[in-house]
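What follows is work.tsv (TSV, C-alpha atoms and all ligand atoms).
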```
chain	number	residue	atom	x	y	z
A	1	MET	CA	-12.29	-17.69	-14.79
A	2	ASN	CA	-12.25	-14.81	-12.33
A	3	ALA	CA	-9.86	-14.18	-9.44
A	4	VAL	CA	-11.52	-13.16	-6.16
A	5	ILE	CA	-10.33	-12.09	-2.74
A	6	THR	CA	-11.67	-14.64	-0.24
A	7	GLY	CA	-10.06	-13.25	2.94
A	8	ILE	CA	-8.10	-10.28	4.20
A	9	THR	CA	-5.98	-9.54	7.26
A	10	GLY	CA	-3.44	-6.99	8.36
A	11	TYR	CA	-0.72	-6.36	10.88
A	12	LEU	CA	0.25	-3.07	12.46
A	13	PRO	CA	3.18	-2.97	14.91
A	14	GLU	CA	2.32	-2.16	18.54
A	15	ASP	CA	4.57	0.89	18.86
A	16	VAL	CA	2.93	4.17	17.88
A	17	LEU	CA	4.66	7.45	17.01
A	18	THR	CA	2.38	10.41	17.66
A	19	ASN	CA	2.57	13.93	16.28
A	20	ALA	CA	3.36	15.12	19.81
A	21	GLU	CA	6.46	12.90	19.79
A	22	LEU	CA	7.48	14.20	16.35
A	23	GLU	CA	7.26	17.73	17.73
A	24	LYS	CA	10.20	16.78	19.97
A	25	LEU	CA	12.30	15.55	17.01
A	26	VAL	CA	11.81	18.27	14.38
A	27	ASP	CA	10.36	21.77	14.05
A	28	THR	CA	6.76	20.78	13.38
A	29	SER	CA	3.35	20.78	15.05
A	30	ASP	CA	0.38	18.50	15.44
A	31	GLU	CA	-1.74	21.23	13.84
A	32	TRP	CA	0.51	21.45	10.71
A	33	ILE	CA	0.67	17.69	10.20
A	34	LEU	CA	-3.07	17.15	10.72
A	35	SER	CA	-4.15	20.01	8.48
A	36	ARG	CA	-1.56	19.53	5.68
A	37	VAL	CA	-1.38	15.72	5.66
A	38	GLY	CA	-4.22	14.32	7.82
A	39	ILE	CA	-2.08	12.05	10.01
A	40	SER	CA	-2.10	12.08	13.81
A	41	GLU	CA	-0.12	8.90	14.53
A	42	ARG	CA	1.61	6.03	12.75
A	43	HIS	CA	2.73	2.53	13.75
A	44	VAL	CA	6.45	1.84	13.91
A	45	LEU	CA	8.28	-1.48	13.85
A	46	LYS	CA	10.74	-1.74	16.76
A	47	LYS	CA	14.27	-0.88	15.74
A	48	GLY	CA	17.49	-2.66	16.68
A	49	GLN	CA	16.00	-6.14	16.96
A	50	GLY	CA	16.56	-7.29	13.39
A	51	LEU	CA	12.85	-7.13	12.60
A	52	GLY	CA	11.91	-6.19	9.03
A	53	THR	CA	8.99	-6.35	6.64
A	54	SER	CA	8.95	-10.16	6.70
A	55	TYR	CA	8.09	-10.05	10.42
A	56	MET	CA	4.93	-8.04	9.74
A	57	GLY	CA	4.15	-10.05	6.61
A	58	THR	CA	4.47	-13.28	8.56
A	59	LYS	CA	2.03	-12.01	11.21
A	60	ALA	CA	-0.48	-10.97	8.51
A	61	VAL	CA	-0.20	-14.27	6.61
A	62	GLU	CA	-0.44	-16.38	9.80
A	63	ALA	CA	-3.69	-14.57	10.65
A	64	LEU	CA	-4.94	-15.00	7.07
A	65	LEU	CA	-4.37	-18.76	7.09
A	66	VAL	CA	-6.29	-19.07	10.38
A	67	LYS	CA	-9.09	-16.74	9.33
A	68	THR	CA	-9.70	-18.51	6.02
A	69	GLY	CA	-9.06	-22.03	7.36
A	70	THR	CA	-6.34	-22.53	4.74
A	71	ASP	CA	-3.76	-25.32	4.93
A	72	PRO	CA	-0.43	-23.62	4.15
A	73	LEU	CA	0.58	-26.62	2.04
A	74	GLU	CA	-2.27	-25.79	-0.35
A	75	VAL	CA	-0.96	-22.30	-1.08
A	76	ASP	CA	0.37	-22.30	-4.68
A	77	GLY	CA	1.99	-18.91	-4.61
A	78	LEU	CA	2.91	-16.03	-2.33
A	79	ILE	CA	3.74	-12.63	-3.79
A	80	CYS	CA	5.14	-9.97	-1.48
A	81	ALA	CA	4.72	-6.39	-2.68
A	82	THR	CA	7.34	-4.36	-0.87
A	83	THR	CA	10.05	-1.78	-1.43
A	84	THR	CA	11.62	-2.42	1.95
A	85	PRO	CA	12.42	-6.15	2.13
A	86	ASP	CA	14.52	-7.22	5.11
A	87	TYR	CA	17.54	-7.78	2.86
A	88	TYR	CA	18.63	-7.14	-0.72
A	89	PHE	CA	18.32	-10.91	-0.98
A	90	PRO	CA	16.71	-13.33	-0.24
A	91	THR	CA	13.21	-12.05	-0.92
A	92	ALA	CA	10.78	-11.18	1.86
A	93	ALA	CA	8.32	-13.51	0.10
A	94	SER	CA	10.58	-16.54	0.58
A	95	MET	CA	11.08	-15.64	4.26
A	96	ILE	CA	7.34	-15.23	4.85
A	97	ALA	CA	6.53	-18.50	3.03
A	98	TYR	CA	9.12	-20.32	5.17
A	99	ASN	CA	7.83	-18.80	8.41
A	100	THR	CA	4.22	-19.70	7.63
A	101	GLY	CA	4.76	-23.22	6.26
A	102	CYS	CA	3.77	-22.36	2.66
A	103	LYS	CA	6.24	-24.95	1.38
A	104	ASN	CA	4.59	-25.53	-1.99
A	105	ALA	CA	4.32	-21.91	-3.07
A	106	LEU	CA	6.14	-20.09	-5.84
A	107	THR	CA	7.38	-16.87	-4.28
A	108	PHE	CA	8.72	-13.55	-5.39
A	109	ASP	CA	8.86	-9.93	-4.30
A	110	LEU	CA	7.19	-7.32	-6.44
A	111	HIS	CA	8.80	-3.91	-6.18
A	112	CYS	CA	6.36	-1.20	-7.21
A	113	ALA	CA	6.55	1.24	-4.29
A	114	CYS	CA	3.17	2.59	-3.18
A	115	ALA	CA	1.42	0.96	-6.17
A	116	GLY	CA	2.72	-2.47	-5.14
A	117	PHE	CA	-0.59	-3.89	-3.95
A	118	ILE	CA	-2.58	-3.12	-7.10
A	119	TYR	CA	0.26	-4.40	-9.32
A	120	ALA	CA	0.45	-7.60	-7.24
A	121	LEU	CA	-3.32	-8.04	-7.27
A	122	GLU	CA	-3.43	-7.99	-11.08
A	123	THR	CA	-0.38	-10.27	-11.27
A	124	ALA	CA	-1.94	-12.81	-8.89
A	125	ALA	CA	-5.25	-12.59	-10.76
A	126	ASN	CA	-3.45	-13.47	-14.00
A	127	TYR	CA	-1.88	-16.55	-12.40
A	128	LEU	CA	-5.32	-17.68	-11.24
A	129	ARG	CA	-6.89	-16.99	-14.64
A	130	THR	CA	-4.60	-19.63	-16.18
A	131	GLY	CA	-6.42	-22.26	-14.12
A	132	ARG	CA	-3.10	-23.75	-12.95
A	133	TYR	CA	-3.13	-22.09	-9.51
A	134	LYS	CA	-5.86	-22.40	-6.87
A	135	LYS	CA	-4.74	-20.40	-3.84
A	136	LEU	CA	-2.47	-17.38	-3.99
A	137	ILE	CA	-1.52	-14.99	-1.24
A	138	VAL	CA	-0.66	-11.37	-1.88
A	139	VAL	CA	1.06	-9.84	1.14
A	140	ALA	CA	1.86	-6.16	0.79
A	141	GLY	CA	3.58	-3.76	3.12
A	142	ASP	CA	6.60	-1.75	4.02
A	143	THR	CA	8.84	-0.67	6.85
A	144	LEU	CA	9.19	2.89	5.58
A	145	THR	CA	10.37	4.12	8.96
A	146	SER	CA	13.62	2.21	8.29
A	147	ILE	CA	14.38	4.65	5.42
A	148	THR	CA	12.85	7.79	6.95
A	149	ASP	CA	15.10	10.68	7.95
A	150	TYR	CA	13.93	11.86	11.38
A	151	THR	CA	15.84	15.13	10.93
A	152	ASP	CA	13.79	16.06	7.82
A	153	ARG	CA	10.46	17.58	8.81
A	154	SER	CA	9.14	17.53	5.24
A	155	THR	CA	9.12	13.71	5.09
A	156	CYS	CA	9.27	12.23	8.60
A	157	PRO	CA	5.61	12.89	9.54
A	158	LEU	CA	4.32	11.01	6.50
A	159	PHE	CA	5.37	7.41	6.90
A	160	GLY	CA	4.40	4.40	9.01
A	161	ASP	CA	4.88	0.62	8.98
A	162	GLY	CA	2.37	-2.17	8.33
A	163	CYS	CA	1.39	-5.11	6.12
A	164	GLY	CA	-1.88	-6.40	4.71
A	165	ALA	CA	-2.53	-9.81	3.17
A	166	VAL	CA	-5.24	-11.26	0.96
A	167	LEU	CA	-6.06	-14.80	-0.12
A	168	MET	CA	-7.07	-15.04	-3.77
A	169	GLU	CA	-8.88	-17.94	-5.38
A	170	PRO	CA	-10.52	-18.67	-8.74
A	171	SER	CA	-14.26	-18.23	-9.14
A	172	GLU	CA	-16.74	-18.62	-11.96
A	173	GLU	CA	-18.93	-15.89	-10.47
A	174	GLU	CA	-18.68	-12.39	-11.97
A	175	LEU	CA	-16.66	-11.15	-8.98
A	176	GLY	CA	-13.07	-10.25	-8.14
A	177	VAL	CA	-10.54	-8.37	-10.26
A	178	ILE	CA	-12.70	-7.27	-13.19
A	179	ASP	CA	-10.31	-4.75	-14.74
A	180	ALA	CA	-6.94	-3.15	-14.11
A	181	LEU	CA	-5.14	-0.23	-15.68
A	182	LEU	CA	-1.49	-0.01	-14.65
A	183	ARG	CA	0.91	2.66	-15.91
A	184	THR	CA	4.49	3.93	-15.62
A	185	ASP	CA	6.37	7.19	-16.21
A	186	GLY	CA	10.07	6.73	-15.51
A	187	SER	CA	10.73	10.47	-15.77
A	188	GLY	CA	9.34	10.69	-12.23
A	189	MET	CA	12.43	8.94	-10.84
A	190	GLU	CA	14.31	12.06	-9.81
A	191	HIS	CA	11.31	13.40	-7.85
A	192	LEU	CA	10.90	10.46	-5.48
A	193	TYR	CA	13.66	8.00	-4.68
A	194	MET	CA	16.30	6.77	-2.29
A	195	LYS	CA	19.62	7.95	-3.62
A	196	GLY	CA	21.95	5.48	-1.91
A	197	GLY	CA	22.09	1.79	-1.08
A	198	GLY	CA	21.32	0.40	-4.55
A	199	SER	CA	23.78	-0.69	-7.24
A	200	ALA	CA	24.34	2.90	-8.42
A	201	TYR	CA	25.53	4.24	-5.06
A	202	GLY	CA	26.27	1.38	-2.69
A	203	ALA	CA	26.75	2.21	0.97
A	204	THR	CA	29.89	4.17	1.81
A	205	HIS	CA	30.72	6.56	4.62
A	206	GLU	CA	29.95	9.35	2.16
A	207	THR	CA	26.47	8.07	1.27
A	208	VAL	CA	25.67	7.75	4.96
A	209	ASP	CA	27.03	11.21	5.79
A	210	LYS	CA	24.96	12.71	2.96
A	211	HIS	CA	21.72	11.08	4.20
A	212	MET	CA	21.40	9.16	0.92
A	213	HIS	CA	19.80	6.10	2.54
A	214	TYR	CA	16.55	7.91	3.21
A	215	ILE	CA	13.47	8.73	1.14
A	216	TYR	CA	14.00	11.84	-0.94
A	217	GLN	CA	11.04	13.56	-2.57
A	218	ASP	CA	9.92	16.76	-4.19
A	219	GLY	CA	6.67	16.87	-2.21
A	220	GLN	CA	4.67	19.34	-4.27
A	221	TYR	CA	5.60	17.70	-7.59
A	222	VAL	CA	4.66	14.26	-6.23
A	223	PHE	CA	1.41	15.65	-4.81
A	224	LYS	CA	0.26	17.00	-8.18
A	225	ARG	CA	1.20	13.89	-10.13
A	226	ALA	CA	-0.45	11.62	-7.53
A	227	VAL	CA	-3.78	13.45	-7.83
A	228	THR	CA	-3.69	13.69	-11.63
A	229	TYR	CA	-2.64	10.12	-12.33
A	230	MET	CA	-4.86	8.41	-9.72
A	231	ALA	CA	-7.88	10.38	-10.92
A	232	GLU	CA	-7.14	9.75	-14.62
A	233	ALA	CA	-6.62	6.00	-14.15
A	234	SER	CA	-9.75	5.65	-12.00
A	235	LEU	CA	-11.89	7.65	-14.44
A	236	GLU	CA	-10.67	5.51	-17.36
A	237	VAL	CA	-11.50	2.27	-15.53
A	238	VAL	CA	-14.90	3.63	-14.51
A	239	LYS	CA	-15.61	4.74	-18.09
A	240	ARG	CA	-14.57	1.57	-19.88
A	241	ASN	CA	-16.63	-0.55	-17.47
A	242	HIS	CA	-19.67	1.71	-17.95
A	243	LEU	CA	-19.95	2.47	-14.23
A	244	ALA	CA	-22.04	5.44	-13.10
A	245	PRO	CA	-21.11	7.14	-9.80
A	246	GLU	CA	-24.10	5.43	-8.13
A	247	ASP	CA	-22.74	2.00	-9.19
A	248	ILE	CA	-19.57	2.52	-7.14
A	249	ALA	CA	-19.70	1.40	-3.51
A	250	TRP	CA	-16.27	2.66	-2.48
A	251	ILE	CA	-13.11	4.26	-3.80
A	252	VAL	CA	-10.05	2.95	-1.96
A	253	PRO	CA	-7.14	5.28	-2.69
A	254	HIS	CA	-3.54	4.96	-1.61
A	255	GLN	CA	-3.29	6.71	1.78
A	256	ALA	CA	-0.48	9.25	1.25
A	257	ASN	CA	-2.05	12.56	2.19
A	258	MET	CA	-5.66	13.39	3.11
A	259	ARG	CA	-5.59	16.28	0.65
A	260	ILE	CA	-4.48	13.93	-2.17
A	261	ILE	CA	-7.31	11.54	-1.22
A	262	GLU	CA	-9.91	14.33	-1.17
A	263	ALA	CA	-8.74	15.88	-4.45
A	264	THR	CA	-8.81	12.49	-6.20
A	265	ALA	CA	-12.30	11.72	-4.87
A	266	ARG	CA	-13.53	15.17	-5.93
A	267	ARG	CA	-12.38	14.61	-9.51
A	268	LEU	CA	-14.26	11.31	-9.53
A	269	GLY	CA	-17.39	12.91	-8.05
A	270	VAL	CA	-17.58	10.40	-5.17
A	271	GLU	CA	-16.45	12.39	-2.12
A	272	ASP	CA	-18.90	10.54	0.13
A	273	LYS	CA	-17.70	7.05	-0.84
A	274	VAL	CA	-14.05	6.99	0.11
A	275	LEU	CA	-12.44	4.51	2.49
A	276	VAL	CA	-9.80	6.19	4.62
A	277	ASN	CA	-7.52	5.12	7.49
A	278	ILE	CA	-4.61	7.55	7.06
A	279	ARG	CA	-5.17	9.36	10.37
A	280	ASN	CA	-3.95	6.52	12.58
A	281	VAL	CA	-1.79	4.61	10.13
A	282	GLY	CA	0.03	7.13	7.90
A	283	ASN	CA	1.49	6.20	4.55
A	284	THR	CA	2.47	2.51	4.65
A	285	SER	CA	3.27	2.37	0.92
A	286	ALA	CA	2.35	-1.09	-0.46
A	287	GLY	CA	0.46	-1.84	2.77
A	288	SER	CA	-1.81	1.14	2.45
A	289	ILE	CA	-4.74	-0.22	0.40
A	290	PRO	CA	-4.96	-3.72	1.94
A	291	LEU	CA	-4.73	-2.27	5.47
A	292	CYS	CA	-7.51	0.18	4.64
A	293	LEU	CA	-9.67	-2.61	3.18
A	294	TRP	CA	-8.99	-4.82	6.22
A	295	GLN	CA	-9.93	-2.11	8.72
A	296	ASN	CA	-13.11	-1.39	6.74
A	297	GLU	CA	-13.95	-5.00	5.92
A	298	TYR	CA	-17.16	-4.84	7.98
A	299	ARG	CA	-18.53	-2.23	5.54
A	300	LEU	CA	-17.98	-4.39	2.45
A	301	HIS	CA	-20.65	-6.62	0.92
A	302	LYS	CA	-20.71	-9.26	-1.76
A	303	GLY	CA	-21.02	-7.60	-5.17
A	304	ASP	CA	-19.80	-4.15	-4.05
A	305	ASN	CA	-17.98	-2.32	-6.84
A	306	LEU	CA	-14.66	-0.99	-5.53
A	307	ILE	CA	-12.15	1.19	-7.34
A	308	LEU	CA	-8.66	0.81	-5.88
A	309	THR	CA	-6.15	3.41	-6.99
A	310	ALA	CA	-2.52	4.03	-6.12
A	311	PHE	CA	0.51	6.06	-7.14
A	312	GLY	CA	4.13	5.66	-6.16
A	313	ALA	CA	7.81	6.09	-6.93
A	314	GLY	CA	8.76	5.43	-10.52
A	315	PHE	CA	6.33	6.88	-11.17
A	316	VAL	CA	4.02	3.85	-11.24
A	317	TRP	CA	0.29	4.09	-10.77
A	318	GLY	CA	-3.04	2.65	-11.75
A	319	ALA	CA	-6.57	1.65	-10.83
A	320	VAL	CA	-8.25	-1.71	-10.29
A	321	TYR	CA	-11.97	-2.41	-10.58
A	322	LEU	CA	-12.67	-5.06	-7.93
A	323	LYS	CA	-16.02	-6.65	-7.17
A	324	TRP	CA	-15.93	-7.64	-3.50
A	325	ALA	CA	-16.75	-11.34	-3.10
A	326	TYR	CA	-18.18	-11.77	0.41
A	327	ASP	CA	-19.98	-9.99	3.24
A	328	GLY	CA	-17.35	-8.54	5.55
A	329	LYS	CA	-17.12	-8.89	9.31
A	330	PRO	CA	-15.42	-6.49	11.73
A	331	ALA	CA	-11.64	-6.60	11.55
A	332	THR	CA	-9.81	-8.32	14.39
A	333	THR	CA	-6.34	-7.27	15.49
B	1	LIG	N1	5.94	20.97	9.84
B	1	LIG	C1	5.84	22.29	9.70
B	1	LIG	N2	6.11	22.93	8.55
B	1	LIG	C2	6.50	22.16	7.51
B	1	LIG	C3	6.64	20.77	7.60
B	1	LIG	C4	6.34	20.18	8.84
B	1	LIG	N3	6.41	18.85	9.03
B	1	LIG	N4	7.05	20.30	6.41
B	1	LIG	C5	7.17	21.34	5.59
B	1	LIG	N5	6.86	22.49	6.26
B	1	LIG	C6	6.86	23.85	5.78
B	1	LIG	C7	7.82	24.08	4.61
B	1	LIG	O1	9.12	24.30	5.09
B	1	LIG	C8	7.22	25.29	3.98
B	1	LIG	O2	7.61	26.42	4.71
B	1	LIG	P1	7.93	27.81	3.97
B	1	LIG	O3	6.64	28.22	3.30
B	1	LIG	O4	8.35	28.69	5.09
B	1	LIG	O5	9.02	27.51	2.98
B	1	LIG	C9	5.71	25.09	4.19
B	1	LIG	O6	5.57	24.15	5.26
B	1	LIG	C10	5.01	24.58	2.98
B	1	LIG	O7	5.77	23.50	2.45
B	1	LIG	P2	5.25	22.68	1.23
B	1	LIG	O8	6.28	21.67	0.84
B	1	LIG	O9	4.74	23.61	0.18
B	1	LIG	O10	4.01	21.93	1.91
B	1	LIG	P3	2.90	21.11	1.23
B	1	LIG	O11	1.60	21.69	1.53
B	1	LIG	O12	3.23	20.80	-0.20
B	1	LIG	O13	2.98	19.75	2.03
B	1	LIG	C11	3.79	17.52	1.77
B	1	LIG	C12	4.16	18.97	1.99
B	1	LIG	C13	2.98	17.06	2.96
B	1	LIG	C14	5.07	16.70	1.67
B	1	LIG	C15	2.96	17.39	0.49
B	1	LIG	O14	3.61	18.04	-0.60
B	1	LIG	C16	2.71	15.95	0.11
B	1	LIG	O15	2.02	15.23	0.78
B	1	LIG	N6	3.20	15.51	-1.05
B	1	LIG	C17	3.00	14.18	-1.49
B	1	LIG	C18	4.18	13.41	-1.13
B	1	LIG	C19	3.90	11.99	-0.71
B	1	LIG	O16	2.89	11.64	-0.19
B	1	LIG	N7	4.93	11.19	-0.91
B	1	LIG	C20	4.93	9.86	-0.42
B	1	LIG	C21	5.43	8.91	-1.37
B	1	LIG	S1	4.50	8.83	-2.85
B	1	LIG	C22	2.98	8.59	-2.41
B	1	LIG	O17	2.75	7.85	-1.49
B	1	LIG	C23	1.96	9.28	-3.19
```

Please go through the file and, once you have read it, give me the structure as structure tokens.
Amino acid sequence: MNAVITGITGYLPEDVLTNAELEKLVDTSDEWILSRVGISERHVLKKGQGLGTSYMGTKAVEALLVKTGTDPLEVDGLICATTTPDYYFPTAASMIAYNTGCKNALTFDLHCACAGFIYALETAANYLRTGRYKKLIVVAGDTLTSITDYTDRSTCPLFGDGCGAVLMEPSEEELGVIDALLRTDGSGMEHLYMKGGGSAYGATHETVDKHMHYIYQDGQYVFKRAVTYMAEASLEVVKRNHLAPEDIAWIVPHQANMRIIEATARRLGVEDKVLVNIRNVGNTSAGSIPLCLWQNEYRLHKGDNLILTAFGAGFVWGAVYLKWAYDGKPATT
């Protein structure tokens, strides 16, 4: 039994933060951000209205149910890959399932930072492979701007908000999630994390004063590990599935930095087959790969061999060999 994606949607908030606007907040320039990172604007969820990741996830799942003609009562499971749920508890998944009428679904959040979508895809595929589940939704995304320090020029240009969602169903055709290689290196923790707000350093005046509720990263260290690990994982998946470069339709890398994307593609020898949307979306963490697939859906055809690869805080990373299961149509908003 194989597990295939039978529909994809996404949601990007209306508000857009441009590089020109960032120039007014910190000492940066459109030229620096575009040339060093490849981003010119990112979508931002409105602040101060109590809206969180579940709002975007709900929009994406509502659109998915309509697009695929799925009765929400038939959805067996809904997994939300996110690092920025609305609350510590309950899960964003339970909120999204409630909002969309998926009353019969098992739900949980999967917390794997920027690698959340590929981890959730393999997890959902394993549920479907048991034969006990027929329709699973993976909704993946983050509200990274809620933990971004807009006084820190080294991180604030990077992040945006958004959610993607896929419907997954079983299939006897040789399509879907063919292989996955998922890895972890916990020694990466100190190079990319949010210092406050968890059980180690719960919120106090001191943690707020010290800006501990924002993303902290050692950018250069993360850059090098991202390129190395995404390339290694992708090459291993390509090798063990006996794929030649000409067999691959598209590489779909996590959209963190255009230079990371280009370096990874170079190591794989497929620079001309990379799906990219970073310029107008930024790094949306778990949302990055599904949003990129959704915006490029019209380029995908049944049987296309895709290599999805991601890297995130942990460190966690990996690559998924996915055979696309249908001919795509242009994305709708
Ligand atoms: N505008 C202008 N100058 C800047 C900015 C900015 N926004 N940010 C940093 N600089 C300056 C630095 O102060 C430094 O100046 P100096 O030479 O006078 O000291 C100079 O630019 C170079 O700084 P570096 O940190 O070496 O810049 P680098 O080329 O490494 O780019 C960046 C920084 C964009 C953070 C890069 O390291 C990166 O993308 N790393 C990956 C991090 C990432 O994507 N993390 C997200 C989470 S994990 C993931 O999704 C993979």

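Distance-wise, atom CA of A:Gly7 and atom CA of A:Gly141 end up 16.6 Å apart.
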
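Of the listed residues A:Phe108, A:Tyr321, A:Tyr88, A:Tyr326, the one whose atoms come nearest to A:Glu122 is A:Tyr321, with distances taken using only C-alpha atoms.
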
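The coordinates place atom CA of A:Pro290 at 7.6 Å from atom CA of A:Val166.
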
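Nearest residue to A:Val227 among A:Leu17, A:Val270, A:Val44, A:Ala265 is A:Ala265, counting all atoms listed in the file.
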
Requested in this report: Considering only C-alpha atoms, return as a PyMOL selection string whatever protein or nucleic-acid residues lie within 12 Å of A:Gly164, sequence-local ones (same chain, fewer than 4 positions apart) excluded.
Outcome: chain A and resi 7-13+53-54+56-64+79-82+116-117+137-142+284-295+331+333

Restricting it to C-alpha atoms, dump the selection as a PDB file, keeping the file's coordinate frame.
```pdb
ATOM      1  CA  GLY A   7     -10.060 -13.250   2.940  1.00  0.00           C
ATOM      2  CA  ILE A   8      -8.100 -10.280   4.200  1.00  0.00           C
ATOM      3  CA  THR A   9      -5.980  -9.540   7.260  1.00  0.00           C
ATOM      4  CA  GLY A  10      -3.440  -6.990   8.360  1.00  0.00           C
ATOM      5  CA  TYR A  11      -0.720  -6.360  10.880  1.00  0.00           C
ATOM      6  CA  LEU A  12       0.250  -3.070  12.460  1.00  0.00           C
ATOM      7  CA  PRO A  13       3.180  -2.970  14.910  1.00  0.00           C
ATOM      8  CA  THR A  53       8.990  -6.350   6.640  1.00  0.00           C
ATOM      9  CA  SER A  54       8.950 -10.160   6.700  1.00  0.00           C
ATOM     10  CA  MET A  56       4.930  -8.040   9.740  1.00  0.00           C
ATOM     11  CA  GLY A  57       4.150 -10.050   6.610  1.00  0.00           C
ATOM     12  CA  THR A  58       4.470 -13.280   8.560  1.00  0.00           C
ATOM     13  CA  LYS A  59       2.030 -12.010  11.210  1.00  0.00           C
ATOM     14  CA  ALA A  60      -0.480 -10.970   8.510  1.00  0.00           C
ATOM     15  CA  VAL A  61      -0.200 -14.270   6.610  1.00  0.00           C
ATOM     16  CA  GLU A  62      -0.440 -16.380   9.800  1.00  0.00           C
ATOM     17  CA  ALA A  63      -3.690 -14.570  10.650  1.00  0.00           C
ATOM     18  CA  LEU A  64      -4.940 -15.000   7.070  1.00  0.00           C
ATOM     19  CA  ILE A  79       3.740 -12.630  -3.790  1.00  0.00           C
ATOM     20  CA  CYS A  80       5.140  -9.970  -1.480  1.00  0.00           C
ATOM     21  CA  ALA A  81       4.720  -6.390  -2.680  1.00  0.00           C
ATOM     22  CA  THR A  82       7.340  -4.360  -0.870  1.00  0.00           C
ATOM     23  CA  GLY A 116       2.720  -2.470  -5.140  1.00  0.00           C
ATOM     24  CA  PHE A 117      -0.590  -3.890  -3.950  1.00  0.00           C
ATOM     25  CA  ILE A 137      -1.520 -14.990  -1.240  1.00  0.00           C
ATOM     26  CA  VAL A 138      -0.660 -11.370  -1.880  1.00  0.00           C
ATOM     27  CA  VAL A 139       1.060  -9.840   1.140  1.00  0.00           C
ATOM     28  CA  ALA A 140       1.860  -6.160   0.790  1.00  0.00           C
ATOM     29  CA  GLY A 141       3.580  -3.760   3.120  1.00  0.00           C
ATOM     30  CA  ASP A 142       6.600  -1.750   4.020  1.00  0.00           C
ATOM     31  CA  THR A 284       2.470   2.510   4.650  1.00  0.00           C
ATOM     32  CA  SER A 285       3.270   2.370   0.920  1.00  0.00           C
ATOM     33  CA  ALA A 286       2.350  -1.090  -0.460  1.00  0.00           C
ATOM     34  CA  GLY A 287       0.460  -1.840   2.770  1.00  0.00           C
ATOM     35  CA  SER A 288      -1.810   1.140   2.450  1.00  0.00           C
ATOM     36  CA  ILE A 289      -4.740  -0.220   0.400  1.00  0.00           C
ATOM     37  CA  PRO A 290      -4.960  -3.720   1.940  1.00  0.00           C
ATOM     38  CA  LEU A 291      -4.730  -2.270   5.470  1.00  0.00           C
ATOM     39  CA  CYS A 292      -7.510   0.180   4.640  1.00  0.00           C
ATOM     40  CA  LEU A 293      -9.670  -2.610   3.180  1.00  0.00           C
ATOM     41  CA  TRP A 294      -8.990  -4.820   6.220  1.00  0.00           C
ATOM     42  CA  GLN A 295      -9.930  -2.110   8.720  1.00  0.00           C
ATOM     43  CA  ALA A 331     -11.640  -6.600  11.550  1.00  0.00           C
ATOM     44  CA  THR A 333      -6.340  -7.270  15.490  1.00  0.00           C
TER      45      THR A 333
END
```

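Coordinates place atom CA of A:Gly186 at a distance of 26.4 Å from atom CA of A:Tyr127.
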